[in-house]
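The block underneath contains the structure these notes are about, expressed in structure tokens.
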Amino acid sequence: MTDDPYILAGSQSRDFWAESVADAIDERDPDEPIVIKGGISPSGVPHLGNMNEIARGYFVAEALRERGRTVRQIFTADDRDPLRKVPRKLADLDGNVVGLGEVDAGALGRNLGKPYTAIPDPFGCCESYGAHFSNLIERSAELLDIPVETVSNTERYESGAFDDVIHHLLEHREQARNVLAQYQEKVDDDYIPFRPICAECGHVTETDAVQSVDLDAGTVEYVCTDVEAGKQTIEGCGHEGTATFQEGKLPWRFEWPAQWQVLDVDFEPFGKDHAEGSWPSGADITRTVFDDTPPVPMAYEWFTLDGEPFSSSAGHVIMVQDVLEFLEPEVLRYFFTKDPSRARDFSIERADQLVDEFDRFEALAFGESTIGHVPDERARAEQAYPAIVDETPEAQPIRLPYTFAAVLGMTDDSELREKMARRQEHIPEDASESAVEEALGRVEYARTWAERTDNAYNYRLATDLPDAEFDDDTERALDGLADVVEAGEDGEAIQSEIFETAREHDLDPGDLFAAGYRLFFDTEQGPKLGPFLAELDREFVVRRLRREE
């Protein structure tokens, strides 16, 4: 049985990676419920990249459920970890990213070195900073319609759930340190795998604070010493005290395998940093110290955001709440179906490309032919699609092309939107009222995207004919252009005719473009005019060019 976290490397048993992972879990024939876990330490803003911990596990969970298996999906908030530095950005419960000047930043600065759950919420709305972070994670999962159970590490420690594991580690601490020494430097003969929380100052001490262990009493004696946090030192207060197993925490290298024991974890996805770091030691600790089998692992590559690494502390982030303002939930869920073994960039600028990908993927899932697909793409779509949508529809939904939806977003006239969509045959003649309403729902997503990126679609169509006067040559040119549109020419043909018509009427092409922008946007500039006019309702364009409405 291998502990290789790169489970997705090489040939796979299934076309959809989650099905392949489900096969690996099934091979072990685990007891039910099968437990799938993810988890992170609260820090800064819980961003889209953090959702890998939940979304990747979700697709595996769904693959197992489709096989009749009972699955429990858990997210552990590692909220007994100490705050090591003050993040530059935070997020309120609505997902708005704010700077430290907008919250009680002192609540963080005064509590460096303390557990996240012992630090007041800078927003003043939750029991602690740790609870605030967990609430944000839970809301993100709910928005993606992923049923996940949040487990607080702090609560587990305080309830005594870790007591037996801690007792075992401390009883076999020589064996534990020998295993860890193979993976970490500075593990000397005095190393004890426990970090007491100082009763005086509240800091989470380091392992060198432990002076002695009383296994019968379930306590350790400690001296509060300095804690190194990056490039700074959090000074210990020197307090000498006694801590129970419930008044401290395990070092991460032991805490992770301890979680597997306490929660009976069968599968866990994690970032590639763990694959080369704490996973090998955790798997060895599980087998050697606990005499148990580690869960099925799966290392995933990280996301970037518009080409740059996510940074929760620096605020280079985007949250699920924010993404769902310009993408439908099923499109975002589709993004997480992509192969986790490959790095992915989430680009706000190129959101239209992601939506186009999803539309092709959905068409394949319904057996529709799309250009350039290969057989395994259809199989992947068929396997993954049911977990992407809330409920698999009986018929393929009507999907407006995203950029066309952005064009429709230039007008607030709902009737004109529908008329334009029907003229372009994006909505079938026999579509039901509810299907039309659902299809047009994409318009607001695309409109928000255009506004957010300030791209070529971020304009508003003038509802009424603007009050604009043109000279005789310009009016004749506009009438000639109306004839071209009325003839049913496509966008590029109309674009070329604008230049040709301007020359025929001794006009500078720029002046004719400006006249067109004035008629349609009441501005001097706008999107590429020819393709834009081709997307609009033809009768409306012809009347507007002739200054009739």
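In the structure tokens, the first chain shown is A, the next is B, and so on; residue numbers restart at 1 for each chain, and ligands run from 1 in the order shown.
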Stretch 265-275 of chain A environment, 9 Å, only C-alpha atoms, sequence neighbours closer than 3 positions dropped, as an mmCIF file with C-alpha atoms, in the first residue's frame:
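Ended up saving to result13.cif:
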```
data_model
loop_
_atom_site.group_PDB
_atom_site.id
_atom_site.type_symbol
_atom_site.label_atom_id
_atom_site.label_comp_id
_atom_site.auth_asym_id
_atom_site.auth_seq_id
_atom_site.Cartn_x
_atom_site.Cartn_y
_atom_site.Cartn_z
ATOM 1 C CA ASP A 4 2.587 8.437 -2.527
ATOM 2 C CA PRO A 5 0.564 11.676 -2.443
ATOM 3 C CA TYR A 6 0.831 12.087 -6.215
ATOM 4 C CA VAL A 21 -9.492 8.614 -6.210
ATOM 5 C CA ILE A 25 -10.466 4.563 -1.385
ATOM 6 C CA PRO A 30 -13.114 1.328 4.708
ATOM 7 C CA ILE A 34 -16.100 7.170 4.900
ATOM 8 C CA VAL A 35 -14.447 10.296 6.301
ATOM 9 C CA ILE A 36 -13.017 12.906 3.946
ATOM 10 C CA LYS A 37 -11.144 15.785 5.551
ATOM 11 C CA GLY A 38 -9.623 19.112 4.638
ATOM 12 C CA GLY A 39 -8.370 21.899 6.823
ATOM 13 C CA ASN A 52 -9.373 23.415 -2.727
ATOM 14 C CA GLU A 53 -9.453 21.802 0.718
ATOM 15 C CA ILE A 54 -13.226 21.477 0.503
ATOM 16 C CA ARG A 56 -11.633 18.634 -4.129
ATOM 17 C CA GLY A 57 -12.906 16.462 -1.293
ATOM 18 C CA GLN A 259 -6.443 14.330 13.581
ATOM 19 C CA TRP A 260 -6.527 11.279 11.330
ATOM 20 C CA GLN A 261 -6.704 9.105 14.424
ATOM 21 C CA VAL A 262 -9.322 11.131 16.292
ATOM 22 C CA SER A 278 4.517 17.176 6.636
ATOM 23 C CA TRP A 279 2.825 14.362 4.660
ATOM 24 C CA PRO A 280 5.852 11.991 4.591
ATOM 25 C CA PRO A 294 -2.652 6.872 6.995
ATOM 26 C CA PRO A 295 -5.556 8.051 4.833
ATOM 27 C CA VAL A 296 -5.471 7.967 1.054
ATOM 28 C CA PRO A 297 -3.588 11.149 0.123
ATOM 29 C CA MET A 298 -3.959 13.487 -2.841
ATOM 30 C CA ALA A 299 -1.600 16.381 -3.451
ATOM 31 C CA TYR A 300 -2.983 19.249 -5.507
ATOM 32 C CA GLU A 301 -1.264 22.118 -7.263
ATOM 33 C CA TRP A 302 -2.020 25.658 -6.165
#
```
What are the nearest atom pairs, with distances in Å to one decimal, for all residues of stretch 18-80 of chain A that come at most 10 Å from stretch 375-383 of chain A, using only C-alpha atoms, set out by chain and rising residue number as a Markdown table?
```
| residue | atom | partner | partner_atom | distance |
| --- | --- | --- | --- | --- |
| A:Ala18 | CA | A:Gln383 | CA | 9.1 |
| A:Glu19 | CA | A:Gln383 | CA | 7.9 |
| A:Ala63 | CA | A:Gln383 | CA | 8.5 |
```
Grab the residues selected above and save them as a PDB file, in the first residue's frame with N, CA and C atoms.
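Saved to selection-v9.pdb:
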```
ATOM      1  N   ALA A  18     -11.748  12.416  -9.782  1.00  0.00           N
ATOM      2  CA  ALA A  18     -12.413  12.097  -8.517  1.00  0.00           C
ATOM      3  C   ALA A  18     -12.867  10.639  -8.478  1.00  0.00           C
ATOM      4  N   GLU A  19     -13.256  10.109  -9.630  1.00  0.00           N
ATOM      5  CA  GLU A  19     -13.638   8.701  -9.702  1.00  0.00           C
ATOM      6  C   GLU A  19     -12.420   7.802  -9.483  1.00  0.00           C
ATOM      7  N   ALA A  63     -18.561  11.141  -5.739  1.00  0.00           N
ATOM      8  CA  ALA A  63     -18.292   9.907  -6.497  1.00  0.00           C
ATOM      9  C   ALA A  63     -18.591   8.680  -5.636  1.00  0.00           C
TER      10      ALA A  63
END
```
(request) Pick out the closest residue to A:Leu400 from this set: A:Asp506, A:Glu255, A:Asp359, A:Glu158. Count only C-alpha atoms. (result) A:Asp359
(request) Go through stretch 361-453 of chain A and collect every residue that DSSP, computed from the backbone, puts in helix (DSSP H, G or I); the answer should be as a ChimeraX atom specification. (result) /A:361-365,375-388,402-408,414-423,433-440,442-453
(request) Using only C-alpha atoms, pick whichever of A:Glu444, A:Glu524, A:Glu429, A:Glu368 has the shortest atom-to-atom distance to A:Ala406. (result)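 Under the stated criterion, the closest residue is A:Glu444.
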(message) Going by DSSP on the backbone, which residues of stretch 258-361 of chain A come out as strand (DSSP E or B)? List them as a list in words.
(response)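 The strand (DSSP E or B) subset of stretch 258-361 of chain A is Phe267, Glu268, Pro269, Phe270, Gly271, Val296, Pro297, Met298, Ala299, Tyr300, Phe303, Thr304, Leu305, Glu308, Pro309, Ser311, His316, Arg344, Asp345 and Phe346 of chain A.
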(request) For atom CA of A:Arg253 and atom CA of A:Pro193, determine how far apart the two atoms are, in Å to one decimal place. (result) 9.1 Å
List every residue of stretch 101-168 of chain A that has an atom at most 12 Å from any atom of stretch 241-250 of chain A, and for each one report the closest atom pair and its distance in Å to one decimal, counting only C-alpha atoms, with rows sorted by chain and then by increasing residue number, as JSON lines.
```
{"residue": "A:Lys114", "atom": "CA", "partner": "A:Gly248", "partner_atom": "CA", "distance": 11.0}
{"residue": "A:Pro115", "atom": "CA", "partner": "A:Gly248", "partner_atom": "CA", "distance": 9.7}
{"residue": "A:Asn153", "atom": "CA", "partner": "A:Lys249", "partner_atom": "CA", "distance": 9.1}
{"residue": "A:Thr154", "atom": "CA", "partner": "A:Lys249", "partner_atom": "CA", "distance": 8.7}
{"residue": "A:Glu155", "atom": "CA", "partner": "A:Gln246", "partner_atom": "CA", "distance": 9.5}
{"residue": "A:Arg156", "atom": "CA", "partner": "A:Gln246", "partner_atom": "CA", "distance": 8.7}
{"residue": "A:Tyr157", "atom": "CA", "partner": "A:Gln246", "partner_atom": "CA", "distance": 5.2}
{"residue": "A:Glu158", "atom": "CA", "partner": "A:Gln246", "partner_atom": "CA", "distance": 5.0}
{"residue": "A:Ser159", "atom": "CA", "partner": "A:Gln246", "partner_atom": "CA", "distance": 7.4}
{"residue": "A:Gly160", "atom": "CA", "partner": "A:Gln246", "partner_atom": "CA", "distance": 6.0}
{"residue": "A:Ala161", "atom": "CA", "partner": "A:Gln246", "partner_atom": "CA", "distance": 8.8}
{"residue": "A:Phe162", "atom": "CA", "partner": "A:Gln246", "partner_atom": "CA", "distance": 7.8}
{"residue": "A:Asp163", "atom": "CA", "partner": "A:Phe245", "partner_atom": "CA", "distance": 6.0}
{"residue": "A:Asp164", "atom": "CA", "partner": "A:Phe245", "partner_atom": "CA", "distance": 9.2}
{"residue": "A:Val165", "atom": "CA", "partner": "A:Leu250", "partner_atom": "CA", "distance": 9.8}
{"residue": "A:Ile166", "atom": "CA", "partner": "A:Phe245", "partner_atom": "CA", "distance": 6.9}
{"residue": "A:His167", "atom": "CA", "partner": "A:Phe245", "partner_atom": "CA", "distance": 8.0}
{"residue": "A:His168", "atom": "CA", "partner": "A:Phe245", "partner_atom": "CA", "distance": 11.5}
```
(request) Mind giving me the straight-line distance from atom CA of A:Asp79 to atom CA of A:Phe194 in Å, one decimal? (result)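 Atom CA of A:Phe194 lies at a distance of 16.1 Å from atom CA of A:Asp79.
Residue nearest A:Glu138, chosen from A:Val151, A:Val485, A:Ala365, A:Ala421 and counting only C-alpha atoms: A:Val151.
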(message) With only C-alpha atoms as the counted atoms, please give the residues lying no more than 6 Å from stretch 527-540 of chain A, apart from itself and same-chain residues fewer than 5 positions off, as a list in words.
(response)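 Returned residues: Met420, Ala456, Asp490, Gly491, Ile494 and Gln495 of chain A.
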(request) For atom CA of A:Arg344 and atom CA of A:Glu330, determine how far apart the two atoms are, in Å to one decimal place. (result) 17.8 Å
What lies within 10 Å of A:Asp104 using only C-alpha atoms, ignoring chain neighbours under 3 positions off, as a compact mmCIF listing (two decimals) with N, CA, C and O atoms, in the first residue's frame?
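File result.txt, as written:
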```
# COMPACT_ATOMS: atom_id res chain seq x y z
N LEU A 100 -6.82 46.92 7.65
CA LEU A 100 -6.81 46.90 9.11
C LEU A 100 -7.35 48.19 9.70
O LEU A 100 -7.80 48.21 10.85
N GLY A 101 -7.31 49.28 8.92
CA GLY A 101 -7.83 50.54 9.43
C GLY A 101 -9.34 50.54 9.61
O GLY A 101 -9.89 51.44 10.27
N ALA A 107 -6.80 44.29 18.34
CA ALA A 107 -7.18 42.99 18.90
C ALA A 107 -6.23 41.91 18.42
O ALA A 107 -5.99 40.92 19.13
N LEU A 108 -5.67 42.08 17.23
CA LEU A 108 -4.70 41.12 16.71
C LEU A 108 -3.30 41.42 17.23
O LEU A 108 -2.60 40.53 17.71
N GLY A 109 -2.90 42.67 17.12
CA GLY A 109 -1.55 43.04 17.52
C GLY A 109 -1.25 42.76 18.98
O GLY A 109 -0.12 42.42 19.34
N PRO A 120 -9.90 38.16 20.35
CA PRO A 120 -11.19 38.79 20.03
C PRO A 120 -11.36 38.99 18.53
O PRO A 120 -10.39 39.25 17.82
N ASP A 121 -12.59 38.88 18.07
CA ASP A 121 -12.90 39.11 16.66
C ASP A 121 -12.69 40.59 16.35
O ASP A 121 -13.33 41.44 16.95
N PRO A 122 -11.81 40.93 15.40
CA PRO A 122 -11.58 42.34 15.07
C PRO A 122 -12.84 43.04 14.57
O PRO A 122 -12.93 44.27 14.64
N PHE A 123 -13.82 42.26 14.07
CA PHE A 123 -15.07 42.85 13.60
C PHE A 123 -16.11 42.94 14.71
O PHE A 123 -17.16 43.56 14.54
N GLY A 124 -15.85 42.26 15.82
CA GLY A 124 -16.77 42.30 16.95
C GLY A 124 -18.07 41.55 16.74
O GLY A 124 -19.03 41.77 17.47
```
(message) Which residue is closest to A:Leu48? Choose from A:Ala446, A:Leu440, A:Leu136, A:Ala61 and count only C-alpha atoms.
(response)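 Using only C-alpha atoms, A:Leu48 sits closest to A:Leu136.
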(message) Which residues are close to A:Ala482, i.e. within 12 Å by only C-alpha atoms, leaving aside same-chain residues fewer than 4 positions away? Reply as a PyMOL selection string.
(response) chain A and resi 475-478+486-489+494+497-498+501+516+530+533-534+538-548
(message) Taking only C-alpha atoms into account, name the residue in A:Glu206, A:Val103, A:Phe254, A:Asp306 that is nearest to A:Glu235.
(response) A:Glu206
(request) Name the closest residue to A:Gly68 among the candidates A:Glu328, A:Val187, A:Asp26, A:Ser434; distances are taken between atoms, counting only C-alpha atoms. (result) A:Asp26
(message) Residues within 12 Å of A:Arg110, please, as an NGL selection string. Count only C-alpha atoms; anything in the same chain fewer than 3 positions from it doesn't count.
(response) :A and (83-86 or 104-107 or 113-114 or 118-120 or 122 or 201-203 or 234)
